[in-house]
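Visitor: You'll find run.txt just under this line, and it carries compact mmCIF, C-alpha atoms.
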```
# COMPACT_ATOMS: atom_id res chain seq x y z
CA MET V 1 106.29 163.40 -74.13
CA SER V 2 105.21 159.76 -73.78
CA GLU V 3 103.09 158.70 -70.85
CA SER V 4 102.49 155.52 -68.84
CA LYS V 5 99.04 154.33 -67.90
CA VAL V 6 97.79 151.39 -65.85
CA ILE V 7 94.56 149.71 -67.01
CA ASP V 8 92.86 147.78 -64.23
CA ALA V 9 90.96 145.02 -66.02
CA ARG V 10 91.05 142.54 -63.15
CA ASP V 11 87.88 140.52 -62.55
CA THR V 12 86.06 141.53 -65.69
CA PHE V 13 84.22 139.27 -68.12
CA CYS V 14 82.69 141.94 -70.32
CA PRO V 15 84.12 143.97 -72.00
CA GLY V 16 87.18 141.93 -70.93
CA PRO V 17 90.90 142.75 -70.68
CA LEU V 18 91.85 142.81 -74.37
CA MET V 19 88.83 144.97 -75.28
CA GLU V 20 89.85 147.35 -72.46
CA LEU V 21 93.40 147.48 -73.81
CA ILE V 22 92.14 148.27 -77.32
CA THR V 23 89.97 151.09 -75.90
CA TYR V 24 92.90 152.72 -74.12
CA MET V 25 95.29 152.08 -77.01
CA LYS V 26 93.01 154.17 -79.21
CA GLN V 27 93.20 157.04 -76.70
CA ALA V 28 97.00 156.81 -76.28
CA ASN V 29 99.69 158.62 -78.24
CA VAL V 30 102.46 156.88 -80.18
CA GLY V 31 105.22 156.01 -77.72
CA ASP V 32 102.92 155.77 -74.68
CA THR V 33 103.27 152.72 -72.43
CA LEU V 34 100.20 150.85 -71.20
CA GLU V 35 100.24 148.31 -68.39
CA LEU V 36 97.27 145.95 -68.40
CA LEU V 37 96.31 144.20 -65.16
CA SER V 38 94.26 141.05 -65.71
CA THR V 39 93.12 137.99 -63.79
CA ASP V 40 91.94 136.27 -66.98
CA LYS V 41 94.07 133.24 -67.79
CA GLY V 42 93.78 133.84 -71.54
CA THR V 43 95.25 137.34 -71.40
CA ALA V 44 98.88 136.18 -71.43
CA SER V 45 98.39 134.74 -74.93
CA ASP V 46 95.53 136.93 -76.27
CA VAL V 47 97.34 140.24 -75.81
CA PRO V 48 100.67 139.28 -77.49
CA GLU V 49 98.72 137.76 -80.38
CA TRP V 50 96.90 141.05 -81.02
CA ILE V 51 99.91 143.28 -80.32
CA ASN V 52 102.01 141.35 -82.82
CA LYS V 53 99.31 141.27 -85.46
CA VAL V 54 98.41 144.96 -85.22
CA GLY V 55 102.03 146.09 -84.98
CA HIS V 56 102.45 147.55 -81.49
CA GLU V 57 105.28 146.53 -79.16
CA MET V 58 105.30 144.01 -76.31
CA ILE V 59 107.52 145.17 -73.45
CA SER V 60 106.95 142.58 -70.73
CA SER V 61 104.52 140.03 -69.36
CA GLU V 62 104.64 138.62 -65.86
CA LYS V 63 102.30 137.07 -63.32
CA ILE V 64 102.46 138.51 -59.82
CA ASP V 65 100.14 137.17 -57.10
CA GLU V 66 97.66 135.73 -59.64
CA VAL V 67 97.52 138.99 -61.60
CA TRP V 68 99.00 139.31 -65.09
CA HIS V 69 100.94 142.55 -65.63
CA ILE V 70 101.37 143.07 -69.37
CA LYS V 71 103.25 146.12 -70.59
CA VAL V 72 102.94 147.27 -74.18
CA ARG V 73 103.94 150.34 -76.15
CA LYS V 74 101.86 152.07 -78.83
CA ALA V 75 103.99 151.95 -81.95
CA LYS V 76 101.84 153.51 -84.65
CA MET K 1 70.80 167.40 -47.97
CA ARG K 2 70.82 168.58 -51.58
CA ILE K 3 71.17 165.69 -54.05
CA LEU K 4 71.85 166.69 -57.63
CA ILE K 5 71.49 164.08 -60.41
CA VAL K 6 73.02 165.06 -63.75
CA GLY K 7 71.52 162.90 -66.49
CA GLY K 8 68.01 161.56 -67.06
CA GLY K 9 68.79 158.21 -68.66
CA THR K 10 68.32 154.77 -67.16
CA ALA K 11 70.77 155.24 -64.27
CA GLY K 12 69.71 158.75 -63.29
CA THR K 13 65.99 157.98 -63.49
CA ILE K 14 66.13 154.75 -61.47
CA LEU K 15 68.34 156.42 -58.88
CA GLY K 16 66.09 159.47 -58.60
CA ASN K 17 62.90 157.45 -58.20
CA ASN K 18 64.41 155.02 -55.69
CA LEU K 19 65.81 157.90 -53.64
CA ALA K 20 62.58 159.89 -53.77
CA ARG K 21 60.69 156.96 -52.24
CA ARG K 22 63.34 156.07 -49.67
CA LEU K 23 63.66 159.71 -48.59
CA SER K 24 59.99 160.67 -48.84
CA GLY K 25 59.85 161.67 -45.15
CA GLU K 26 63.06 163.69 -45.37
CA ILE K 27 61.83 165.42 -48.54
CA ARG K 28 58.48 166.29 -46.95
CA SER K 29 60.17 167.75 -43.89
CA GLY K 30 62.63 169.76 -45.99
CA LYS K 31 65.70 167.80 -44.88
CA ALA K 32 66.41 166.42 -48.35
CA ARG K 33 65.90 167.69 -51.87
CA ILE K 34 66.43 165.89 -55.18
CA THR K 35 67.12 167.84 -58.37
CA MET K 36 67.62 166.29 -61.80
CA LEU K 37 69.18 168.07 -64.77
CA SER K 38 68.86 166.46 -68.17
CA ALA K 39 69.61 167.36 -71.78
CA SER K 40 66.21 166.14 -72.99
CA ASP K 41 62.54 166.16 -72.00
CA LYS K 42 62.26 162.69 -73.58
CA HIS K 43 63.49 159.31 -72.34
CA MET K 44 64.46 156.73 -74.95
CA TYR K 45 64.38 152.94 -74.51
CA GLN K 46 67.58 152.37 -76.44
CA PRO K 47 67.47 148.54 -76.75
CA GLY K 48 64.36 149.04 -78.89
CA LEU K 49 66.48 150.45 -81.70
CA LEU K 50 67.46 146.94 -82.77
CA TYR K 51 63.78 146.17 -83.38
CA VAL K 52 63.28 149.42 -85.29
CA ALA K 53 66.11 148.37 -87.62
CA PHE K 54 64.11 145.26 -88.55
CA GLY K 55 60.69 146.91 -88.76
CA GLN K 56 59.45 145.26 -85.57
CA MET K 57 58.97 148.46 -83.57
CA MET K 58 58.16 152.01 -84.60
CA PRO K 59 60.41 154.81 -83.33
CA ASP K 60 57.65 156.52 -81.33
CA GLU K 61 57.29 153.36 -79.21
CA LEU K 62 60.77 154.02 -77.81
CA TYR K 63 59.94 157.31 -76.05
CA ARG K 64 58.16 158.60 -72.96
CA ASP K 65 58.12 162.09 -71.49
CA GLN K 66 60.88 162.12 -68.88
CA ALA K 67 58.74 164.07 -66.41
CA SER K 68 56.06 161.37 -66.56
CA LEU K 69 58.59 158.77 -65.36
CA LEU K 70 59.71 160.68 -62.28
CA GLU K 71 58.34 160.83 -58.75
CA SER K 72 56.60 164.17 -58.33
CA SER K 73 58.96 165.20 -55.53
CA ILE K 74 61.93 165.31 -57.93
CA ASP K 75 62.72 168.82 -59.15
CA PHE K 76 63.31 168.15 -62.86
CA HIS K 77 64.83 170.61 -65.33
CA VAL K 78 65.72 170.25 -69.01
CA ASP K 79 68.92 172.21 -68.68
CA PRO K 80 72.16 170.29 -69.27
CA VAL K 81 75.25 170.98 -67.21
CA GLU K 82 78.05 172.80 -68.99
CA LYS K 83 80.44 173.37 -66.09
CA PHE K 84 81.32 171.16 -63.13
CA MET K 85 82.91 173.04 -60.21
CA LEU K 86 83.62 170.05 -57.99
CA ASP K 87 85.82 172.00 -55.57
CA LYS K 88 82.89 174.35 -54.87
CA ASN K 89 80.12 171.70 -54.93
CA ARG K 90 78.24 173.42 -57.70
CA VAL K 91 77.47 173.11 -61.41
CA LYS K 92 76.50 175.65 -64.04
CA THR K 93 73.93 174.85 -66.72
CA ARG K 94 73.32 175.87 -70.32
CA SER K 95 70.72 178.42 -69.23
CA GLY K 96 73.29 180.06 -66.94
CA LYS K 97 71.79 178.81 -63.68
CA THR K 98 73.99 177.56 -60.84
CA HIS K 99 72.99 174.52 -58.77
CA GLU K 100 74.71 173.78 -55.48
CA TYR K 101 74.76 170.30 -54.00
CA ASP K 102 75.87 168.18 -51.08
CA ILE K 103 75.85 164.99 -53.16
CA LEU K 104 76.38 164.93 -56.93
CA VAL K 105 75.59 161.99 -59.22
CA ILE K 106 76.95 162.10 -62.77
CA ALA K 107 75.07 159.82 -65.16
CA THR K 108 75.41 161.58 -68.50
CA GLY K 109 75.82 158.43 -70.60
CA SER K 110 77.72 157.94 -73.84
CA ARG K 111 77.50 158.90 -77.49
CA ILE K 112 78.37 157.27 -80.78
CA VAL K 113 81.39 158.65 -82.63
CA PRO K 114 81.41 156.94 -86.06
CA GLN K 115 83.26 160.00 -87.38
CA GLU K 116 86.40 158.72 -85.63
CA ILE K 117 86.70 156.01 -88.30
CA PRO K 118 87.09 157.48 -91.80
CA GLY K 119 84.19 156.49 -94.04
CA LEU K 120 82.16 154.69 -91.36
CA ASN K 121 79.42 157.32 -91.20
CA GLU K 122 78.93 157.48 -94.95
CA GLY K 123 79.62 153.85 -95.76
CA SER K 124 77.73 151.85 -93.16
CA GLU K 125 74.29 151.31 -91.68
CA THR K 126 73.86 151.30 -87.93
CA PHE K 127 70.99 150.94 -85.47
CA TYR K 128 72.60 152.98 -82.68
CA SER K 129 70.41 156.04 -83.29
CA GLU K 130 66.76 156.51 -84.24
CA ALA K 131 67.59 157.96 -87.65
CA GLY K 132 70.19 155.25 -88.24
CA ALA K 133 67.84 152.42 -87.32
CA VAL K 134 65.10 153.70 -89.66
CA LYS K 135 67.60 154.17 -92.48
CA MET K 136 69.01 150.68 -91.88
CA PHE K 137 65.56 149.12 -92.12
CA LYS K 138 64.81 150.88 -95.40
CA ARG K 139 68.17 149.71 -96.75
CA LEU K 140 67.49 146.12 -95.62
CA ARG K 141 64.09 146.15 -97.35
CA GLU K 142 65.69 147.18 -100.62
CA PHE K 143 68.55 144.70 -100.34
CA GLN K 144 68.22 141.87 -102.84
CA GLY K 145 71.41 139.97 -102.07
CA GLY K 146 75.19 140.28 -101.96
CA ARG K 147 77.95 140.56 -99.40
CA VAL K 148 76.96 141.76 -95.91
CA ALA K 149 79.79 142.69 -93.57
CA ILE K 150 79.30 143.35 -89.85
CA VAL K 151 82.03 145.38 -88.11
CA VAL K 152 82.47 146.49 -84.50
CA GLY K 153 84.02 149.70 -83.14
CA VAL K 154 85.66 149.94 -79.70
CA PRO K 155 84.48 150.73 -77.11
CA HIS K 156 80.79 150.16 -77.71
CA LYS K 157 77.57 150.14 -75.75
CA CYS K 158 75.60 146.88 -75.43
CA PRO K 159 78.40 144.36 -76.07
CA ILE K 160 75.94 141.64 -77.02
CA ALA K 161 74.55 143.67 -79.94
CA PRO K 162 77.07 142.45 -82.57
CA VAL K 163 75.92 138.87 -82.02
CA GLU K 164 72.24 139.83 -81.83
CA VAL K 165 72.25 141.79 -85.08
CA THR K 166 73.97 138.89 -86.84
CA PHE K 167 71.25 136.45 -85.76
CA ALA K 168 68.58 138.99 -86.66
CA LEU K 169 70.03 139.59 -90.15
CA HIS K 170 70.14 135.85 -90.81
CA ASP K 171 66.48 135.45 -89.80
CA TYR K 172 65.42 138.58 -91.71
CA PHE K 173 66.99 137.46 -94.99
CA LYS K 174 65.65 133.94 -94.45
CA ALA K 175 62.12 135.26 -93.92
CA ARG K 176 62.39 137.25 -97.15
CA GLY K 177 63.55 134.12 -98.98
CA ILE K 178 66.88 135.61 -100.04
CA ARG K 179 69.24 134.10 -97.47
CA ASP K 180 70.88 131.95 -100.18
CA LYS K 181 71.71 135.14 -102.08
CA VAL K 182 73.41 136.77 -99.08
CA HIS K 183 76.95 136.10 -97.91
CA MET K 184 77.38 137.24 -94.31
CA LYS K 185 80.75 137.97 -92.74
CA TYR K 186 81.15 138.99 -89.09
CA HIS K 187 84.24 140.85 -87.87
CA TYR K 188 85.25 141.19 -84.21
CA PRO K 189 88.04 143.17 -82.50
CA ILE K 190 89.53 140.43 -80.29
CA GLY K 191 90.66 136.86 -80.99
CA ARG K 192 87.26 135.14 -80.62
CA ILE K 193 83.78 136.01 -81.84
CA HIS K 194 82.62 137.52 -78.54
CA THR K 195 84.45 139.00 -75.59
CA ILE K 196 82.56 136.77 -73.11
CA GLU K 197 84.22 133.39 -73.53
CA ASN K 198 81.05 131.38 -72.90
CA VAL K 199 79.14 133.46 -75.46
CA ALA K 200 81.93 132.90 -78.00
CA ILE K 201 81.94 129.14 -77.36
CA TRP K 202 78.17 128.99 -77.80
CA ALA K 203 77.92 131.35 -80.80
CA LYS K 204 80.68 129.84 -82.95
CA PRO K 205 78.79 126.65 -83.91
CA GLU K 206 75.63 128.74 -84.33
CA PHE K 207 77.44 130.96 -86.85
CA ASP K 208 78.70 127.81 -88.60
CA ARG K 209 75.13 126.46 -88.72
CA MET K 210 73.84 129.72 -90.21
CA GLY K 211 76.69 129.91 -92.70
CA VAL K 212 78.11 133.12 -91.25
CA GLU K 213 81.81 133.58 -91.95
CA TYR K 214 83.85 135.31 -89.25
CA GLU K 215 87.16 137.10 -88.92
CA THR K 216 88.59 137.91 -85.51
CA LEU K 217 91.27 140.45 -84.53
CA PHE K 218 89.60 142.94 -86.88
CA ASN K 219 89.58 146.54 -85.61
CA VAL K 220 88.05 148.88 -88.13
CA LYS K 221 90.58 151.36 -89.48
CA GLU K 222 88.71 152.87 -92.42
CA VAL K 223 85.90 152.37 -94.88
CA ASP K 224 86.62 152.96 -98.56
CA VAL K 225 83.11 154.01 -99.50
CA GLU K 226 83.77 154.34 -103.21
CA ASN K 227 85.22 150.84 -103.62
CA LYS K 228 83.07 149.29 -100.85
CA VAL K 229 85.99 147.91 -98.87
CA VAL K 230 86.42 147.95 -95.08
CA ARG K 231 90.00 147.76 -93.79
CA SER K 232 91.35 146.75 -90.39
CA GLU K 233 94.13 148.09 -88.18
CA GLU K 234 95.56 144.58 -88.46
CA GLY K 235 96.09 144.92 -92.20
CA THR K 236 93.21 142.87 -93.64
CA GLU K 237 90.25 144.00 -95.71
CA THR K 238 86.76 142.84 -96.67
CA GLU K 239 84.67 143.81 -99.68
CA TYR K 240 80.98 144.41 -99.06
CA ASP K 241 77.73 145.41 -100.67
CA LEU K 242 76.07 146.25 -97.35
CA LEU K 243 78.10 147.25 -94.29
CA ILE K 244 76.50 147.07 -90.83
CA SER K 245 78.48 148.78 -88.07
CA ILE K 246 78.48 148.93 -84.30
CA PRO K 247 80.02 152.42 -83.99
CA PRO K 248 82.69 153.31 -81.43
CA HIS K 249 81.55 155.33 -78.43
CA ARG K 250 82.85 158.08 -76.17
CA GLY K 251 81.48 159.65 -73.02
CA MET K 252 79.69 162.99 -73.30
CA GLU K 253 81.58 166.08 -74.51
CA VAL K 254 81.07 167.96 -71.23
CA VAL K 255 82.94 165.23 -69.32
CA GLU K 256 85.94 165.55 -71.63
CA GLU K 257 85.78 169.34 -71.83
CA GLU K 258 85.71 169.64 -68.06
CA GLY K 259 88.68 167.27 -67.73
CA LEU K 260 86.75 164.74 -65.66
CA GLY K 261 87.93 161.69 -67.60
CA GLN K 262 89.82 160.67 -70.73
CA GLY K 263 87.50 159.61 -73.52
CA GLY K 264 84.59 160.98 -71.50
CA TRP K 265 84.80 158.10 -69.00
CA ILE K 266 85.16 159.19 -65.37
CA PRO K 267 87.55 157.25 -63.08
CA THR K 268 85.22 155.48 -60.65
CA ASP K 269 85.61 153.17 -57.65
CA ARG K 270 84.29 149.80 -58.76
CA HIS K 271 82.39 148.97 -55.54
CA GLN K 272 81.22 152.28 -54.02
CA LEU K 273 80.82 153.93 -57.46
CA LYS K 274 82.35 157.18 -56.23
CA MET K 275 84.41 159.36 -58.52
CA ALA K 276 88.11 158.93 -57.76
CA GLY K 277 89.21 161.61 -55.29
CA HIS K 278 85.70 162.93 -54.62
CA ASP K 279 83.81 161.52 -51.65
CA ASN K 280 80.50 163.26 -52.46
CA VAL K 281 80.42 162.51 -56.22
CA TYR K 282 78.99 159.27 -57.63
CA VAL K 283 79.24 158.09 -61.22
CA LEU K 284 76.74 155.71 -62.83
CA GLY K 285 76.11 153.82 -66.04
CA ASP K 286 78.05 154.36 -69.26
CA THR K 287 79.83 157.37 -67.74
CA THR K 288 82.15 155.30 -65.51
CA ASN K 289 85.53 154.03 -66.65
CA LEU K 290 84.80 150.66 -65.02
CA PRO K 291 85.53 147.44 -66.92
CA VAL K 292 81.80 146.71 -66.87
CA SER K 293 79.44 146.39 -69.87
CA LYS K 294 77.99 149.70 -70.98
CA THR K 295 74.36 148.59 -70.75
CA GLY K 296 71.10 149.69 -69.19
CA SER K 297 71.33 146.62 -67.00
CA ALA K 298 74.62 147.67 -65.39
CA ALA K 299 73.25 151.20 -65.01
CA HIS K 300 70.13 149.78 -63.31
CA PHE K 301 72.00 147.66 -60.76
CA GLU K 302 74.52 150.42 -60.05
CA ALA K 303 71.70 152.93 -59.47
CA GLU K 304 70.01 150.63 -56.94
CA VAL K 305 73.26 150.33 -54.95
CA VAL K 306 73.87 154.07 -54.90
CA ALA K 307 70.22 154.78 -53.99
CA ASP K 308 70.50 152.42 -51.01
CA ASN K 309 73.79 153.98 -49.94
CA ILE K 310 72.83 157.65 -50.26
CA ALA K 311 69.60 156.95 -48.36
CA SER K 312 71.40 155.00 -45.63
CA MET K 313 74.09 157.67 -45.32
CA ILE K 314 71.35 160.21 -44.66
CA LYS K 315 69.44 157.95 -42.27
CA ILE K 316 72.17 156.13 -40.31
CA GLY K 317 75.41 157.73 -41.46
CA THR K 318 76.90 154.77 -43.32
CA PRO K 319 76.61 153.01 -46.69
CA VAL K 320 75.07 149.55 -46.65
CA ARG K 321 75.99 147.93 -49.98
CA GLU K 322 78.69 147.53 -52.58
CA TYR K 323 78.24 147.07 -56.32
CA ASP K 324 79.42 143.57 -57.23
CA GLY K 325 79.63 144.14 -61.00
CA LYS K 326 76.23 142.56 -61.67
CA VAL K 327 74.99 142.64 -65.27
CA TYR K 328 72.03 140.80 -66.81
CA CYS K 329 71.77 140.86 -70.58
CA PHE K 330 69.09 139.34 -72.75
CA ILE K 331 70.53 137.83 -75.92
CA GLU K 332 68.10 137.72 -78.84
CA THR K 333 69.15 134.78 -81.03
CA GLY K 334 66.96 135.59 -84.00
CA HIS K 335 63.34 136.61 -84.34
CA ASP K 336 61.83 133.92 -82.14
CA SER K 337 64.35 132.74 -79.56
CA ALA K 338 66.60 134.22 -76.89
CA THR K 339 68.82 133.43 -73.94
CA TYR K 340 70.59 135.57 -71.36
CA ALA K 341 73.96 136.25 -69.75
CA MET K 342 74.18 137.11 -66.05
CA PHE K 343 77.55 137.76 -64.45
CA ASN K 344 79.43 139.91 -61.97
CA TYR K 345 83.04 140.68 -61.08
CA ALA K 346 83.56 137.19 -59.63
CA ASN K 347 81.38 134.89 -61.70
CA PRO K 348 81.27 134.44 -65.48
CA PRO K 349 77.93 133.85 -67.22
CA ASP K 350 76.64 130.30 -67.49
CA LEU K 351 74.82 130.41 -70.81
CA LYS K 352 71.56 128.45 -71.21
CA SER K 353 70.17 127.10 -74.48
CA PRO K 354 68.10 129.71 -76.34
CA ASN K 355 64.34 129.17 -76.24
CA LYS K 356 61.10 130.85 -77.26
CA SER K 357 60.05 131.62 -73.66
CA MET K 358 63.08 133.84 -73.09
CA HIS K 359 62.34 135.67 -76.35
CA TRP K 360 58.78 136.39 -75.23
CA PHE K 361 60.09 137.47 -71.83
CA LYS K 362 62.36 139.94 -73.63
CA MET K 363 59.42 141.18 -75.71
CA ALA K 364 57.47 141.70 -72.47
CA TYR K 365 60.46 143.44 -70.89
CA ASN K 366 60.47 145.91 -73.78
CA LYS K 367 57.19 147.17 -72.28
CA MET K 368 58.06 146.48 -68.64
CA TYR K 369 61.10 148.78 -68.95
CA TRP K 370 58.85 151.74 -68.21
CA THR K 371 57.94 150.16 -64.89
CA SER K 372 61.57 149.29 -64.24
CA VAL K 373 62.86 152.79 -64.90
CA ARG K 374 60.27 154.18 -62.49
CA GLY K 375 62.07 152.09 -59.88
CA LEU K 376 59.12 149.78 -59.32
CA LEU K 377 60.51 146.55 -60.82
```
Would you write the structure of this file as structure tokens?
Guide:
Amino acid sequence: MSESKVIDARDTFCPGPLMELITYMKQANVGDTLELLSTDKGTASDVPEWINKVGHEMISSEKIDEVWHIKVRKAK
Amino acid sequence: MRILIVGGGTAGTILGNNLARRLSGEIRSGKARITMLSASDKHMYQPGLLYVAFGQMMPDELYRDQASLLESSIDFHVDPVEKFMLDKNRVKTRSGKTHEYDILVIATGSRIVPQEIPGLNEGSETFYSEAGAVKMFKRLREFQGGRVAIVVGVPHKCPIAPVEVTFALHDYFKARGIRDKVHMKYHYPIGRIHTIENVAIWAKPEFDRMGVEYETLFNVKEVDVENKVVRSEEGTETEYDLLISIPPHRGMEVVEEEGLGQGGWIPTDRHQLKMAGHDNVYVLGDTTNLPVSKTGSAAHFEAEVVADNIASMIKIGTPVREYDGKVYCFIETGHDSATYAMFNYANPPDLKSPNKSMHWFKMAYNKMYWTSVRGLL
């Protein structure tokens, strides 16, 4: 059964939001949904760039109260 | 008040020593007791491994007896915890002993897991262990030229190390007079050459100056040892003659086995450093799941906050500080210059130009660490 997990990477400069997402993606199972929370302005473009290149799935990306909520699904 | 510290690394040792001094009166009168359980009777200065890999330090310089670093009032045992019974405020150790506590601090650290990437153990050199660092140096000494690839596993301890080892390799080959025979290629998991934006902005022209090629969005999938090829999750590959790896890490087995946190990282409140759902359990250093660098520096600053707060809780019934995410990292930029990155949750690092003074400060700190870990600096 697939799971959903929220990764709180707000206010972090190192290791940073994308590195956090990669960490949790490695731990996830195929089909799991991960929601990354980030206050880093680059996240909205950095995450889709990696997700598309590596072959996972973008679900949604929206900014709510200065926090990016980016949902992705592990596809392989 | 029984305070139990599990782990004798940087975080546990600084916490124990700070607490022992702050609570010296309470300990003397029997109102407080500090016990430390560790897996080893030795304490290693892990940042020194980078120097071992380049023949600049000997392995025995990295160690002190753990007992010699601790305040005498700390009850120290080499007896690692194998079972955490958080609902009963007790732990069970390898020897079969049970320790009860009022306050528990978990600071068990992290471990390298190169075996999670096929071929990485057999096919690459790394400086993340004593044996690995010695082996890497011997390999570097024999190396006469060719393609050097640097790859980075996720997550990893000491996030500045990939950049540092690249500078160090450049200087090492240059000093041996073979730099023109070496092609260096650096690979990094995200879309720039370092996760800290200011470090990436600074390092990129430095890599260009040194003639270091780089590929970003490269997460190591496997190493084909026979054909000397490293492949990425993103579908690219690089051929090499010498592969240098920053291995991926996990938290300690006992944390995973006991179900305290996925990947061995324990869910932790980012300001009070308490384990989620447990008011009398603190988590320090690499063991937390916080989006904070896994470094001795973070462990140090976290330990100081928790020492202040445990002591103040005992003395006046309330914590006095919050951890603000502070990290201070030296950045060695070769064999004779360095800079540093200091940041917290709210403020990114403002990188200064590398200089010789900062390098010599780092060399001095390599010795001063033993004062620092005693809680005196």
Visitor: I'd like the neighbourhood of Pro15 (chain V) as a list in words, where a residue qualifies if any of its atoms comes within 9 Å (using only C-alpha atoms), though same-chain residues fewer than 4 positions away should be ignored.
Guide: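 The residues satisfying every condition are Met19 and Glu20 of chain V; Pro155, Pro159, Thr195, Ile196, Pro291, Val292, Ser293 and Lys294 of chain K.
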Visitor: Calculate, to one decimal in Å, the centre and edge lengths of the box along x, y and z of the file that holds all listed atoms of region 51-59 of chain V with 5 Å of margin on each side, and present them as JSON.
Guide:
```
{"center_x": 103.0, "center_y": 144.4, "center_z": -79.5, "size_x": 19.1, "size_y": 16.3, "size_z": 22.0}
```
Visitor: Can you check which parts of chain V lie within 12 Å of chain K? Per residue, the shortest pair of atoms and distance in Å to one decimal, counting all atoms listed in the file, sorted by chain and number, as a Markdown table.
Guide:
```
| residue | atom | partner | partner_atom | distance |
| --- | --- | --- | --- | --- |
| V:Lys5 | CA | K:Gln262 | CA | 11.5 |
| V:Ile7 | CA | K:Pro291 | CA | 9.3 |
| V:Asp8 | CA | K:Pro291 | CA | 7.8 |
| V:Ala9 | CA | K:Pro291 | CA | 6.0 |
| V:Arg10 | CA | K:Pro291 | CA | 8.3 |
| V:Asp11 | CA | K:Tyr345 | CA | 5.1 |
| V:Thr12 | CA | K:Tyr345 | CA | 5.6 |
| V:Phe13 | CA | K:Ile196 | CA | 5.8 |
| V:Cys14 | CA | K:Ser293 | CA | 5.5 |
| V:Pro15 | CA | K:Ser293 | CA | 5.7 |
| V:Gly16 | CA | K:Thr195 | CA | 6.1 |
| V:Pro17 | CA | K:Pro291 | CA | 8.1 |
| V:Leu18 | CA | K:Ile190 | CA | 6.8 |
| V:Met19 | CA | K:Ile190 | CA | 6.8 |
| V:Glu20 | CA | K:Pro291 | CA | 7.0 |
| V:Leu21 | CA | K:Val154 | CA | 10.0 |
| V:Ile22 | CA | K:Val154 | CA | 7.1 |
| V:Thr23 | CA | K:Pro155 | CA | 5.6 |
| V:Tyr24 | CA | K:Gly263 | CA | 8.8 |
| V:Met25 | CA | K:Val154 | CA | 10.2 |
| V:Lys26 | CA | K:Val154 | CA | 8.5 |
| V:Gln27 | CA | K:Gly263 | CA | 7.0 |
| V:Ala28 | CA | K:Gln262 | CA | 9.9 |
| V:Leu36 | CA | K:Pro291 | CA | 11.9 |
| V:Leu37 | CA | K:Pro291 | CA | 11.4 |
| V:Ser38 | CA | K:Pro291 | CA | 10.9 |
| V:Thr39 | CA | K:Ala346 | CA | 10.5 |
| V:Asp40 | CA | K:Glu197 | CA | 10.5 |
| V:Lys41 | CA | K:Glu197 | CA | 11.4 |
| V:Gly42 | CA | K:Glu197 | CA | 9.8 |
| V:Thr43 | CA | K:Gly191 | CA | 10.6 |
| V:Ser45 | CA | K:Gly191 | CA | 10.0 |
| V:Asp46 | CA | K:Gly191 | CA | 6.8 |
| V:Val47 | CA | K:Ile190 | CA | 9.0 |
| V:Pro48 | CA | K:Gly191 | CA | 10.9 |
| V:Glu49 | CA | K:Gly191 | CA | 8.1 |
| V:Trp50 | CA | K:Leu217 | CA | 6.7 |
| V:Ile51 | CA | K:Glu234 | CA | 9.3 |
| V:Asn52 | CA | K:Glu234 | CA | 9.2 |
| V:Lys53 | CA | K:Glu234 | CA | 5.8 |
| V:Val54 | CA | K:Glu234 | CA | 4.3 |
| V:Gly55 | CA | K:Glu234 | CA | 7.5 |
| V:His56 | CA | K:Glu234 | CA | 10.2 |
| V:Lys76 | CA | K:Glu233 | CA | 10.1 |
```
Visitor: Find the distance between CA of Arg231 (chain K) and CA of Ala149 (chain K) and write it in Å to one decimal.
Guide: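 That distance, rounded to one decimal, is 11.4 Å.
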Visitor: Which is closest to Ile117 (chain K) among K:Val152, K:Ala311, K:Gly264, K:Thr238, if we use all atoms listed in the file?
Guide: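 Counting all atoms listed in the file, the residue closest to Ile117 (chain K) is K:Val152.
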Visitor: Check the smallest atom-to-atom distance from each of K:Ala276, K:Met57, K:Ala203, K:Leu23 to Val134 (chain K) using only C-alpha atoms, then report the winner.
Guide: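 Using only C-alpha atoms, Val134 (chain K) sits closest to K:Met57.
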Visitor: Interatomic distance between CA of Lys135 (chain K) and CA of Ser38 (chain K)?
Guide: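 Separation of CA of Lys135 (chain K) and CA of Ser38 (chain K): 27.3 Å.
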Visitor: Could you tell me which of K:Val165, K:Val305, K:Ile314, K:Val223 comes closest to Phe127 (chain K) if we count only C-alpha atoms?
Guide: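 Once distances to Phe127 (chain K) are computed over only C-alpha atoms, the minimum belongs to K:Val165.
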Visitor: Hey, can you check how far CA of Val30 (chain V) sits from CA of Arg270 (chain K)?
Guide: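 CA of Arg270 (chain K) lies 29.0 Å from CA of Val30 (chain V).
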Visitor: For Pro47 (chain K), list every protein, DNA or RNA residue within 12 Å, evaluated using only C-alpha atoms, and leave out those in the same chain fewer than 3 positions away; present the list as an MDAnalysis selection string.
Guide: chainID K and resid 10 44 50:53 57 59 61:63 127:130 133 157:161 164:165 295:297 329:332 362:363 365:367 369
Visitor: Pick out the residues sitting within 12 Å of Gly25 (chain K), and hand them over as JSON, numbers by chain; count all atoms listed in the file, and ignore anything fewer than 5 positions along from it in its own chain.
Guide: {"K": [19, 20, 30, 31, 32, 33, 73, 311, 314, 315]}
Visitor: Would you pick out the contacts of Thr33 (chain V) at 10 Å or less, using all atoms listed in the file, so that residues sharing its chain but fewer than 6 positions from it are not included, and give the list as number ranges by chain?
Guide: V: 2-6, 25, 57-59, 71-75
